[in-house]
Amino acid sequence: MKVQLTVNGTSQTVDVEPRRTLADTLREDLGMTGTHLGCEHGVCGACTVLVDDSPVRSCLMFAVQAGGSKITTIEGLADGERLHPIQQAFVDNFGLQCGFCTPGFVMLLEGAHRMGIEPDADALVELLASNLCRCTGYVAIKEAAAQALAVRRSSTAPSRGRPAQPARRPTRRYR
Amino acid sequence: MKPSPFRYIAPLDLDEALSALAASPDTKVLAGGQSLVPAMNLRLTAPGAIIDINGIPGYDRVTVAGGTATIGMLVRHMDLARPGFDDPLAGALAEISQHVGHLPIRTRGTFVGSLVHADPAAEWCALALATEATVVARSAGGTREIPAAGFFLGPFTTALREDEIVTEVRIPLLGSGTFGFAEIARTAGDFATVAALALVRLDGDAFGEVRIGLAGAESTPSRPSAAETSLAGQRVTTEAIAEAATIAADSLQPIEDAQCSSGYRRHLAKVLVMRALQQAVGRAA
């Protein structure tokens, strides 16, 4: 079936079997391998992308269902060489080890932001429980997410690339 | 893994969906897909055709009329975080929605889909049972209104026929009643190990009507009616609540799995029924 998608602002038409998931279409048909596939049954969250600005598990949606939708993937966040504030926050806080889960976490946070969700500390932990990190680096991921939220709160216009509150505290984390 | 090949049908109105469903027996209806698609990816199910109902207009909202809230088949868990009407039922829906899956699950998964999937641990199924909801099932042959009490037949098994689609669920408003909800799950967003919903209407300083729904305790959502009856007319005391919770727990035949023994489930049921009742009573004060 022919399906038209707008991926990161670019209109794309793919010809896929109905059983092709959105995740596989992004990765295999469009060559955008930034979206990762872990469990392929909705548990790990690595494949999280935005469909019309809402976070979804792209392994649980068929590409044919996304026809006409606006898809945002991890490839659509950075402004050239300048990282998106959430990406920058993960760098600043060592929010990744192997990095496999990172695109999912970043898109989860960006999706929550676009939905107008402003979590407090407890709600942030619940939000992050959506995704799995097999390196178990959750503390650093939580700190990265908290920084990303703080950056966005402190700037009326989203500042790209330059974190307002650098949070390098490796001695505490690696003690 | 990847799902088996299937024929994809995306009707734009309900009649088209119902006749497609009547014409092809080996078919599954796809709404949010948060339970069906994992099962397809794991090849636990391999339907020959999928009817995607997401394009059918008019079923993506909650409407309130005549003391009843009607939840359409495309209302997502996320939509129930702000149900948009004024009744304690809206508060119950909003609070419980935060226990259903995670944000990216809630943006897709539907309330009605959860009922049709009938996972014994699903919070919405316990809510439907306790609120005495009516499940409206449509087929090419007509409409059936199935009381929630007769809808859940077993784990992942409902009274729905293969040619039927649940188009909406009708839930009586709580009016002067209040609710309490308590859940234990292994992690945030996980299915409930056990969850309890209590719906209470006080009559002065005594219990009037009490309804209790449990998820995760038995192989279907449970309604411990003996515990409900034990409270009717009783003065509101901590002892009466504790006694009712014990009666509720003793009336169960709890399931057992790798996570949790049946004895522990019974204990959870007792504690959670107590907490839910106390919360409901507290809200009434």
# chains A, B, ... in the order shown; residues from 1 in each chain; ligands from 1
>>> residues_around(residues="stretch 100-104 of chain A", least_positions_apart="2", cutoff="10 Å", atoms="only C-alpha atoms", output="PyMOL selection string")
chain A and resi 34-38+44-49+55-57+73-75+87+90+95-98+106-110+130-135+141
>>> select_by_dssp(residues="stretch 24-238 of chain B", states="strand (DSSP E or B)", output="ChimeraX atom specification")
/B:27-30,49-52,62-65,68-72,76,110,134-139,142-147,152-154,157-158,165-172,178-185,192-203,206-215,222,235
>>> select_by_dssp(residues="stretch 112-261 of chain B", states="helix (DSSP H, G or I)", output="ChimeraX atom specification")
/B:112-117,123-130,148-150,225-231,238-250
>>> residues_around(residues="stretch 250-263 of chain B", least_positions_apart="3", cutoff="12 Å", atoms="only C-alpha atoms", output="PyMOL selection string")
chain B and resi 120-121+154-155+184-186+191-194+213-228+243-247+266-270+273
>>> interface_residues(of="chain A", to="chain B", cutoff="10 Å", atoms="only C-alpha atoms", output="PyMOL selection string")
chain A and resi 1+17-21+24+39-43+45+48-51+54-62+64-65+108+111-112+125-131
>>> residues_around(residues="stretch 75-91 of chain B", least_positions_apart="4", cutoff="8 Å", atoms="only C-alpha atoms", output="tab-separated table (two decimals) with N, CA, C and O atoms, in the first residue's frame")
chain	number	residue	atom	x	y	z
B	32	GLY	N	-6.68	1.19	19.39
B	32	GLY	CA	-5.40	1.73	19.83
B	32	GLY	C	-4.23	0.80	19.52
B	32	GLY	O	-3.10	1.25	19.33
B	59	TYR	N	-16.74	8.81	17.40
B	59	TYR	CA	-16.60	7.94	18.57
B	59	TYR	C	-15.40	8.29	19.44
B	59	TYR	O	-14.96	7.49	20.25
B	60	ASP	N	-14.87	9.49	19.25
B	60	ASP	CA	-13.64	9.84	19.96
B	60	ASP	C	-13.89	10.76	21.15
B	60	ASP	O	-13.00	11.47	21.59
B	61	ARG	N	-15.13	10.76	21.66
B	61	ARG	CA	-15.39	11.67	22.77
B	61	ARG	C	-16.30	11.05	23.83
B	61	ARG	O	-16.95	10.04	23.59
B	62	VAL	N	-16.28	11.72	24.99
B	62	VAL	CA	-17.15	11.33	26.08
B	62	VAL	C	-18.34	12.29	26.06
B	62	VAL	O	-18.15	13.50	26.03
B	64	VAL	N	-22.19	13.28	27.87
B	64	VAL	CA	-22.98	13.08	29.09
B	64	VAL	C	-24.42	13.52	28.81
B	64	VAL	O	-24.66	14.62	28.31
B	71	ILE	N	-18.80	6.64	26.72
B	71	ILE	CA	-17.42	6.68	26.24
B	71	ILE	C	-17.36	5.97	24.89
B	71	ILE	O	-17.64	4.77	24.80
B	95	GLU	N	-8.23	9.95	37.62
B	95	GLU	CA	-7.21	9.36	38.50
B	95	GLU	C	-6.77	7.99	37.99
B	95	GLU	O	-5.58	7.69	37.92
B	97	SER	N	-6.90	6.82	35.00
B	97	SER	CA	-6.18	6.88	33.71
B	97	SER	C	-4.67	6.99	33.93
B	97	SER	O	-3.88	6.52	33.10
B	98	GLN	N	-4.27	7.57	35.05
B	98	GLN	CA	-2.84	7.72	35.32
B	98	GLN	C	-2.18	6.39	35.70
B	98	GLN	O	-0.95	6.30	35.79
B	100	VAL	N	-2.96	3.58	33.95
B	100	VAL	CA	-3.06	2.71	32.77
B	100	VAL	C	-1.85	2.94	31.88
B	100	VAL	O	-1.73	4.00	31.25
B	103	LEU	N	2.69	7.09	29.18
B	103	LEU	CA	2.20	8.15	28.30
B	103	LEU	C	2.05	7.69	26.84
B	103	LEU	O	0.98	7.89	26.25
B	106	ARG	N	-0.90	5.55	26.55
B	106	ARG	CA	-2.17	6.26	26.79
B	106	ARG	C	-2.58	7.12	25.60
B	106	ARG	O	-3.76	7.39	25.41
B	107	THR	N	-1.61	7.58	24.82
B	107	THR	CA	-1.97	8.41	23.67
B	107	THR	C	-2.64	7.59	22.59
B	107	THR	O	-3.32	8.13	21.72
B	108	ARG	N	-2.44	6.26	22.59
B	108	ARG	CA	-3.01	5.40	21.55
B	108	ARG	C	-4.12	4.50	22.08
B	108	ARG	O	-5.17	4.37	21.48
B	109	GLY	N	-3.84	3.82	23.20
B	109	GLY	CA	-4.77	2.82	23.71
B	109	GLY	C	-6.11	3.41	24.07
B	109	GLY	O	-6.21	4.57	24.47
B	110	THR	N	-7.18	2.59	23.93
B	110	THR	CA	-8.53	3.10	24.17
B	110	THR	C	-9.16	2.42	25.38
B	110	THR	O	-8.84	1.27	25.71
B	111	PHE	N	-10.09	3.12	26.00
B	111	PHE	CA	-10.88	2.60	27.13
B	111	PHE	C	-11.66	1.36	26.69
B	111	PHE	O	-11.61	0.31	27.32
B	112	VAL	N	-12.36	1.48	25.56
B	112	VAL	CA	-13.19	0.37	25.09
B	112	VAL	C	-12.33	-0.82	24.71
B	112	VAL	O	-12.67	-1.98	25.01
B	173	LEU	N	-23.55	8.14	36.05
B	173	LEU	CA	-22.80	9.12	36.85
B	173	LEU	C	-22.92	8.76	38.33
B	173	LEU	O	-23.85	8.07	38.74
B	174	LEU	N	-21.97	9.23	39.14
B	174	LEU	CA	-21.98	8.90	40.57
B	174	LEU	C	-22.83	9.87	41.37
B	174	LEU	O	-23.21	9.56	42.50
B	175	GLY	N	-23.10	11.03	40.81
B	175	GLY	CA	-23.95	12.00	41.51
B	175	GLY	C	-23.40	12.37	42.87
B	175	GLY	O	-22.30	12.88	42.99
B	176	SER	N	-24.16	12.06	43.93
B	176	SER	CA	-23.74	12.42	45.28
B	176	SER	C	-22.74	11.40	45.86
B	176	SER	O	-22.32	11.52	47.01
B	177	GLY	N	-22.38	10.39	45.08
B	177	GLY	CA	-21.43	9.39	45.56
B	177	GLY	C	-19.99	9.87	45.44
B	177	GLY	O	-19.70	10.89	44.82
B	178	THR	N	-19.09	9.12	46.08
B	178	THR	CA	-17.66	9.43	45.98
B	178	THR	C	-16.92	8.15	45.63
B	178	THR	O	-17.48	7.05	45.70
B	179	PHE	N	-15.65	8.30	45.24
B	179	PHE	CA	-14.87	7.12	44.88
B	179	PHE	C	-13.55	7.12	45.65
B	179	PHE	O	-13.07	8.15	46.11
>>> atom_distance(atom1="atom CA of A:Gly68", atom2="atom CA of B:Asp13")
18.6 Å
>>> residues_around(residues="A:Val7", least_positions_apart="2", cutoff="6 Å", atoms="only C-alpha atoms", output="list of chain:residue names")
A:Leu5, A:Gly9, A:Thr10, A:Ile71, A:Thr72
>>> write_last_selection(atoms="N, CA and C atoms", output="short mmCIF file (atom, residue, chain, number, x, y, z; two decimals), in the first residue's frame")
data_model
loop_
_atom_site.label_atom_id
_atom_site.label_comp_id
_atom_site.auth_asym_id
_atom_site.auth_seq_id
_atom_site.Cartn_x
_atom_site.Cartn_y
_atom_site.Cartn_z
N LEU A 5 3.70 10.10 4.33
CA LEU A 5 4.02 10.55 5.68
C LEU A 5 4.84 11.82 5.58
N GLY A 9 9.31 17.09 8.72
CA GLY A 9 9.06 18.20 7.82
C GLY A 9 9.15 17.87 6.35
N THR A 10 9.58 16.65 6.01
CA THR A 10 9.71 16.28 4.60
C THR A 10 8.64 15.26 4.24
N ILE A 71 5.24 13.02 11.41
CA ILE A 71 6.08 12.18 12.26
C ILE A 71 7.34 12.97 12.63
N THR A 72 7.72 12.93 13.90
CA THR A 72 8.99 13.51 14.31
C THR A 72 9.84 12.42 14.94
#
>>> atom_distance(atom1="atom CA of A:Glu28", atom2="atom CA of B:Ile53")
26.7 Å
>>> atom_distance(atom1="atom CA of B:Gln234", atom2="atom CA of B:Ala149")
25.4 Å
>>> residues_around(residues="A:Glu143", least_positions_apart="5", cutoff="10 Å", atoms="only C-alpha atoms", output="list in words")
Ala89, Phe90, Asp92, Asn93, Phe94, Gly95, Tyr138, Ala148, Leu149 and Ala167 of chain A
>>> write_last_selection(atoms="N, CA, C and O atoms", output="mmCIF file, in the first residue's frame")
data_model
loop_
_atom_site.group_PDB
_atom_site.id
_atom_site.type_symbol
_atom_site.label_atom_id
_atom_site.label_comp_id
_atom_site.auth_asym_id
_atom_site.auth_seq_id
_atom_site.Cartn_x
_atom_site.Cartn_y
_atom_site.Cartn_z
ATOM 1 N N ALA A 89 21.134 18.133 27.269
ATOM 2 C CA ALA A 89 21.013 17.768 28.687
ATOM 3 C C ALA A 89 21.505 16.341 28.927
ATOM 4 O O ALA A 89 22.125 16.057 29.950
ATOM 5 N N PHE A 90 21.257 15.440 27.968
ATOM 6 C CA PHE A 90 21.765 14.067 28.112
ATOM 7 C C PHE A 90 23.293 14.055 28.048
ATOM 8 O O PHE A 90 23.948 13.325 28.788
ATOM 9 N N ASP A 92 25.294 16.613 28.898
ATOM 10 C CA ASP A 92 25.807 17.282 30.103
ATOM 11 C C ASP A 92 25.733 16.402 31.343
ATOM 12 O O ASP A 92 26.534 16.546 32.262
ATOM 13 N N ASN A 93 24.754 15.519 31.394
ATOM 14 C CA ASN A 93 24.526 14.735 32.612
ATOM 15 C C ASN A 93 24.951 13.283 32.472
ATOM 16 O O ASN A 93 24.582 12.456 33.291
ATOM 17 N N PHE A 94 25.694 12.967 31.409
ATOM 18 C CA PHE A 94 26.100 11.575 31.169
ATOM 19 C C PHE A 94 24.864 10.685 31.175
ATOM 20 O O PHE A 94 24.859 9.613 31.779
ATOM 21 N N GLY A 95 23.809 11.146 30.511
ATOM 22 C CA GLY A 95 22.527 10.444 30.526
ATOM 23 C C GLY A 95 22.495 9.242 29.605
ATOM 24 O O GLY A 95 21.409 8.778 29.268
ATOM 25 N N TYR A 138 19.586 5.069 35.150
ATOM 26 C CA TYR A 138 18.382 5.880 35.333
ATOM 27 C C TYR A 138 18.621 7.191 36.081
ATOM 28 O O TYR A 138 17.959 8.180 35.815
ATOM 29 N N ALA A 148 16.688 19.348 31.297
ATOM 30 C CA ALA A 148 15.961 19.764 30.090
ATOM 31 C C ALA A 148 14.702 20.537 30.465
ATOM 32 O O ALA A 148 14.368 21.550 29.838
ATOM 33 N N LEU A 149 14.019 20.069 31.501
ATOM 34 C CA LEU A 149 12.816 20.767 31.956
ATOM 35 C C LEU A 149 13.166 22.151 32.500
ATOM 36 O O LEU A 149 12.483 23.133 32.218
ATOM 37 N N ALA A 167 25.142 20.810 34.500
ATOM 38 C CA ALA A 167 24.989 20.013 35.715
ATOM 39 C C ALA A 167 26.012 18.878 35.711
ATOM 40 O O ALA A 167 25.660 17.714 35.734
#
>>> residues_around(residues="B:Ala137", least_positions_apart="3", cutoff="8 Å", atoms="only C-alpha atoms", output="ChimeraX atom specification")
/B:143-146,160,164-168
>>> write_last_selection(atoms="C-alpha atoms", output="JSON list (two decimals), in the first residue's frame")
[["chain", "number", "residue", "atom", "x", "y", "z"],
["B", 143, "THR", "CA", -27.34, -3.82, 18.69],
["B", 144, "ARG", "CA", -26.87, -5.62, 22.01],
["B", 145, "GLU", "CA", -26.59, -3.88, 25.35],
["B", 146, "ILE", "CA", -24.53, -6.10, 27.63],
["B", 160, "LEU", "CA", -18.67, -10.29, 22.62],
["B", 164, "GLU", "CA", -19.60, -7.46, 16.96],
["B", 165, "ILE", "CA", -17.79, -4.19, 17.66],
["B", 166, "VAL", "CA", -18.19, -2.40, 20.97],
["B", 167, "THR", "CA", -19.05, 1.11, 19.86],
["B", 168, "GLU", "CA", -19.54, 2.68, 23.26]]
